[in-house]
Structures are given as structure tokens and as C-alpha cells.
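Chemist: After the C-alpha cells below, expect a handful of questions from me.
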Amino acid sequence: MSTVTTNKALVLSGESKNAILTLDEQLVHCIGENAQIIHTGKNIKIYDNEGSEDDEENGTIKHGKNSLFITSGEESFVEASSQSVTFSSGQRATISHGYDSDENGTPLVKNTIAITTGDEAIIYGNAENSIGISTGDNTWVQDLTEGSIGIATGNNANVVSESNFKAAAIFGDHSEISGMDASCSAFVGGQNCSVNIGENGLLLSEFPLNALTAGANSVIVVGWHDGERKRFSTYYQGTDFEGDVYWVTKDPETGKKTQHYRNNTYKTTELGELVLTGTQESEKDISWQKD
């Protein structure tokens with residue numbers, strides 16, 4: 001493994017892409033597979049096989065895989081490719097997997113592991129079947145996608161995505177899981193937290209929740225203490241609570257089709273009771289959809 005400390009901008013390619021780097025504010029471009037890079041500098045940027053290209057046999061592809069990136073400086077940034085492992089320990093570190101996708105919108109990066117341990121770190125987990133873990137306070141694990149897992153152990157942490165993902169877990173206080181469109185499993189191990197899950201979701205919380213929403217066919221299990229022992233209450237959407245629902249109406253005269261939404265927000269009490277705290281209703285014209 002080589003050590004390079006003098007060049008502000010580097011391109012690592014060829015058979016040997018292993019380096020220990022120490023310079024602050026350094027820009028590193030890695031081309032190829034099986035890189036191993038350790039960087040201790042502050043405010044550095046590492047790009048692993050930036051961009052994508054069209055392949056006649058495999059469609060749109062992103063080169064690069066099987067690389068290891070370790071950073072320890074503050075405000076480091078790593079954009080990693082498939083089958084990579086990235087570990088960043090500095091404050092305000094960022095790990096990304098880019099946003100390249102194929103013609104179906106599927107992310108090109110897959111099977112990654114991203115770990116941050118500093119406060120105010122961000123993991124952009126736009127990679128299928130991947131894992132994002134943060135242990136600092138005030139962190140974000142976001143943009144999870146199909147088959148991915150997000151875990152945050154610090155306080156004021158967030159695991160959020162607008163896409164479907166596999167599972168999320170938060171362990172710190174005042175933290176949030178947000179996956180309104182995710183048929184995910186969610187675990188809460190902290191206090192004063194909030195959770196949004198989608199259809200067919202499962203939520204298990206060790207403590208009462210400040211706020212929660214849940215889609216159709218979801219299940220909520222929430223813990224509470226009766227003064228002598230720990231207990232859990234279970235609630236089934238459609239039986240014990242309405243949750244987030246939608247329905248379609250059609251005007252018999254004009255043929256106009258309208259989709260109606262009702263979003264219900266709940267909290268759980270110190271006695272494990274599920275209480276409705278707010279309702280929002282909306283609608284949109286979907287006449288363009290065929291019957």
C-alpha cells in the first residue's frame with residue numbers, strides 16, 4: 001500500500017489502487033475495482049468510478065466494485081460503487097452511492113455497506129440490498145431503496161426514504177423513521193420518537209411513541225410499563241385503527257375519477273393506548289387512468 005501526501009488531486013487506476021492519504025482538502029478519483037483507500041485528511045472527497053455508461057449486453061452499468069474506503073477526518077465525502085464497504089469516523093462525514101439508475105429507475109449501485117460514527121453524518125443509501133449504519137447524534141440515513149436496511153443508534157437521528165426498503169431501526173431518543181411508502185419492518189429502541197410506515201408494514205417500539213402513521217394491513221406493537229413490569233400492546237390496521245387509507249370515486253355523469261386520501265396521525269400513551277391526534281384529507285383527479 002502506497003502513501004501519497006502532496007497532490008491536491010489524484011487519480012488512482014491500474015492494478016494498484018491502494019493508498020494511505022493524509023492531505024486535507026484532497027480530491028481523489030478511483031477508477032477500476034478492488035481499491036483500498038485510507039484517508040485521514042479533513043474535508044476530502046473520494047469518487048469511486050464516477051458516472052455510468054450503456055452496455056449492449058447488460059444495459060446501463062456503473063463500473064467498479066469490491067472496494068474499501070476508510071476516512072477519519074471531518075467533513076469527508078465518499079461516493080462508493082457496488083459491493084463496497086465505506087467507514088467514516090469524522091464529524092459531518094458523508095457517504096453516498098450516487099443516483100445513477102437504469103431505464104426502469106433501478107439504482108445501478110448494489111450490495112454496499114456504509115458506516116458512520118461521527119455526529120451530524122449523512123448516509124445517502126441509494127443502493128439496492130445495502131446496509132447503512134450511523135452511531136453519532138444528529139445523523140441521517142436516507143434514500144434507502146429495495147432490500148436495504150438503515151440503522152441509527154444516536155439521539156436525534158433519522159432513517160428516512162421515499163422509496164420502499166426492507167427494515168429500519170433507531171435506538172436513540174428524539175429520533176425518527178419515515179417510510180410512508182415502505183412495506184418495511186421498523187424497530188424503535190429510544191424514547192420520544194416518531195415513525196411512518198407504509199402498507200403491510202410492521203412497527204415494534206420498546207417505548208410509547210410521540211407520533212406515528214401506518215398504511216393498510218400494518219401492525220403496531222408498542223411497549224409500556226404498568227409500574228411493575230414491561231407490557232406490549234398490539235394494534236392491527238383495519239381492526240383497531242384506520243391508518244392511512246385511500247379510495248376512488250367516479251362521477252356517473254362526467255366520468256371523472258377522483259382518488260381520495262385520508263392520513264391519520266396517532267400517538268401512544270404511557271399506558272400503551274393508541275390515540276388519534278390528527279387527520280388530513282386530500283384528493284386528486286385520476287381520470288386519465290383506465291378502468
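Just so we're on the same page: first chain in the C-alpha cells is A, next is B, and so on; residues restart at 1 for each chain, and ligands are numbered from 1 in the order they show up.
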I'd like the neighbourhood of range 206-223 of chain A as a VMD selection string, where a residue qualifies if any of its atoms comes within 7 Å (using only C-alpha atoms), though same-chain residues fewer than 6 positions away should be ignored.

Modeler: chain A and resid 188 to 200 230 to 238 243 to 245 264 to 270 272

Chemist: Once you have the residues from the selection above, write them out as a short mmCIF file (atom, residue, chain, number, x, y, z; two decimals), in the first residue's frame, restricted to C-alpha atoms.

Modeler:
data_model
loop_
_atom_site.label_atom_id
_atom_site.label_comp_id
_atom_site.auth_asym_id
_atom_site.auth_seq_id
_atom_site.Cartn_x
_atom_site.Cartn_y
_atom_site.Cartn_z
CA VAL A 188 -37.71 1.76 17.90
CA GLY A 189 -35.48 1.47 20.97
CA GLY A 190 -35.45 5.13 22.01
CA GLN A 191 -37.89 7.46 23.73
CA ASN A 192 -39.88 10.40 22.31
CA CYS A 193 -39.60 9.07 18.76
CA SER A 194 -41.86 9.14 15.69
CA VAL A 195 -42.43 6.61 12.90
CA ASN A 196 -44.15 6.48 9.49
CA ILE A 197 -44.56 3.13 7.74
CA GLY A 198 -46.46 2.08 4.61
CA GLU A 199 -48.70 -0.79 3.57
CA ASN A 200 -48.00 -4.19 5.12
CA LYS A 230 -42.98 -4.27 30.86
CA ARG A 231 -46.02 -4.87 28.67
CA PHE A 232 -46.79 -4.64 24.96
CA SER A 233 -49.98 -3.62 23.19
CA THR A 234 -50.73 -4.74 19.61
CA TYR A 235 -52.85 -2.87 17.08
CA TYR A 236 -53.96 -4.08 13.66
CA GLN A 237 -54.81 -1.62 10.89
CA GLY A 238 -58.41 -2.02 9.74
CA GLY A 243 -54.40 4.29 9.49
CA ASP A 244 -53.66 5.84 6.11
CA VAL A 245 -56.34 4.92 3.57
CA ASN A 264 -54.36 9.72 10.27
CA THR A 265 -51.69 10.53 12.84
CA TYR A 266 -51.56 8.79 16.20
CA LYS A 267 -49.54 8.69 19.39
CA THR A 268 -49.30 6.05 22.10
CA THR A 269 -49.75 6.84 25.75
CA GLU A 270 -47.79 5.75 28.81
CA GLY A 272 -49.93 1.72 25.68
#

Chemist: Please identify all polymer residues within 12 Å of Ser89 in chain A, counting only C-alpha atoms, omitting same-chain residues fewer than 4 positions from it, and present them as a ChimeraX atom specification.

Modeler: /A:38-42,69-77,93-95,114-122,133-136

Chemist: Please extract the residues of range 82-230 of chain A with a backbone DSSP assignment of strand (DSSP E) and present them as a PyMOL selection string.

Modeler: chain A and resi 85-88+94-96+113-116+122-124+131-134+140-142+149-152+158-160+167-170+176-179+185-188+194-197+202-205+211-214+219-225+230

Chemist: Taking into account only C-alpha atoms, which residue in the set A:Ile149, A:Ala9, A:Ala182, A:Leu271 is nearest to His225 in chain A?

Modeler: A:Leu271

Chemist: What is the distance between CA of Val11 in chain A and CA of Gln91 in chain A, in Å to one decimal?

Modeler: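 Computed distance, CA of Val11 in chain A to CA of Gln91 in chain A, equals 25.5 Å.
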
Chemist: Counting only C-alpha atoms, which of A:Glu242, A:Ser287, A:Val275, A:Leu68 gets nearest to Lys257 in chain A?

Modeler: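 Of A:Glu242, A:Ser287, A:Val275, A:Leu68, the one nearest Lys257 in chain A is A:Ser287, counting only C-alpha atoms.
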
Chemist: CA of Ile170 in chain A to CA of Arg229 in chain A: how many Å, to one decimal?

Modeler: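 Straight-line distance from CA of Ile170 in chain A to CA of Arg229 in chain A works out to 23.0 Å.
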
Chemist: Kindly indicate which residue among A:Asp226, A:Glu176, A:Asp48, A:Glu128 lies nearest to Lys17 in chain A, using only C-alpha atoms for the distances.

Modeler: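 For Lys17 in chain A, the nearest of the candidates is A:Asp48.
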
Chemist: Could you check which of A:Val109, A:Val78, A:Ile20, A:Ile177 is closest to Ile123 in chain A, using only C-alpha atoms?

Modeler: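 So, comparing all the options, the nearest one is A:Val78.
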
Chemist: With only C-alpha atoms as the atoms that count, which of A:Gln289, A:Ser96, A:Asn138, A:Asn164 lies nearest to Ala152 in chain A?

Modeler: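 The closest residue to Ala152 in chain A is A:Asn138.
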
Chemist: One decimal, in Å: what's the spacing between CA of Ile113 in chain A and CA of Phe87 in chain A?

Modeler: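 Atom-to-atom, CA of Ile113 in chain A to CA of Phe87 in chain A, that is 8.4 Å.
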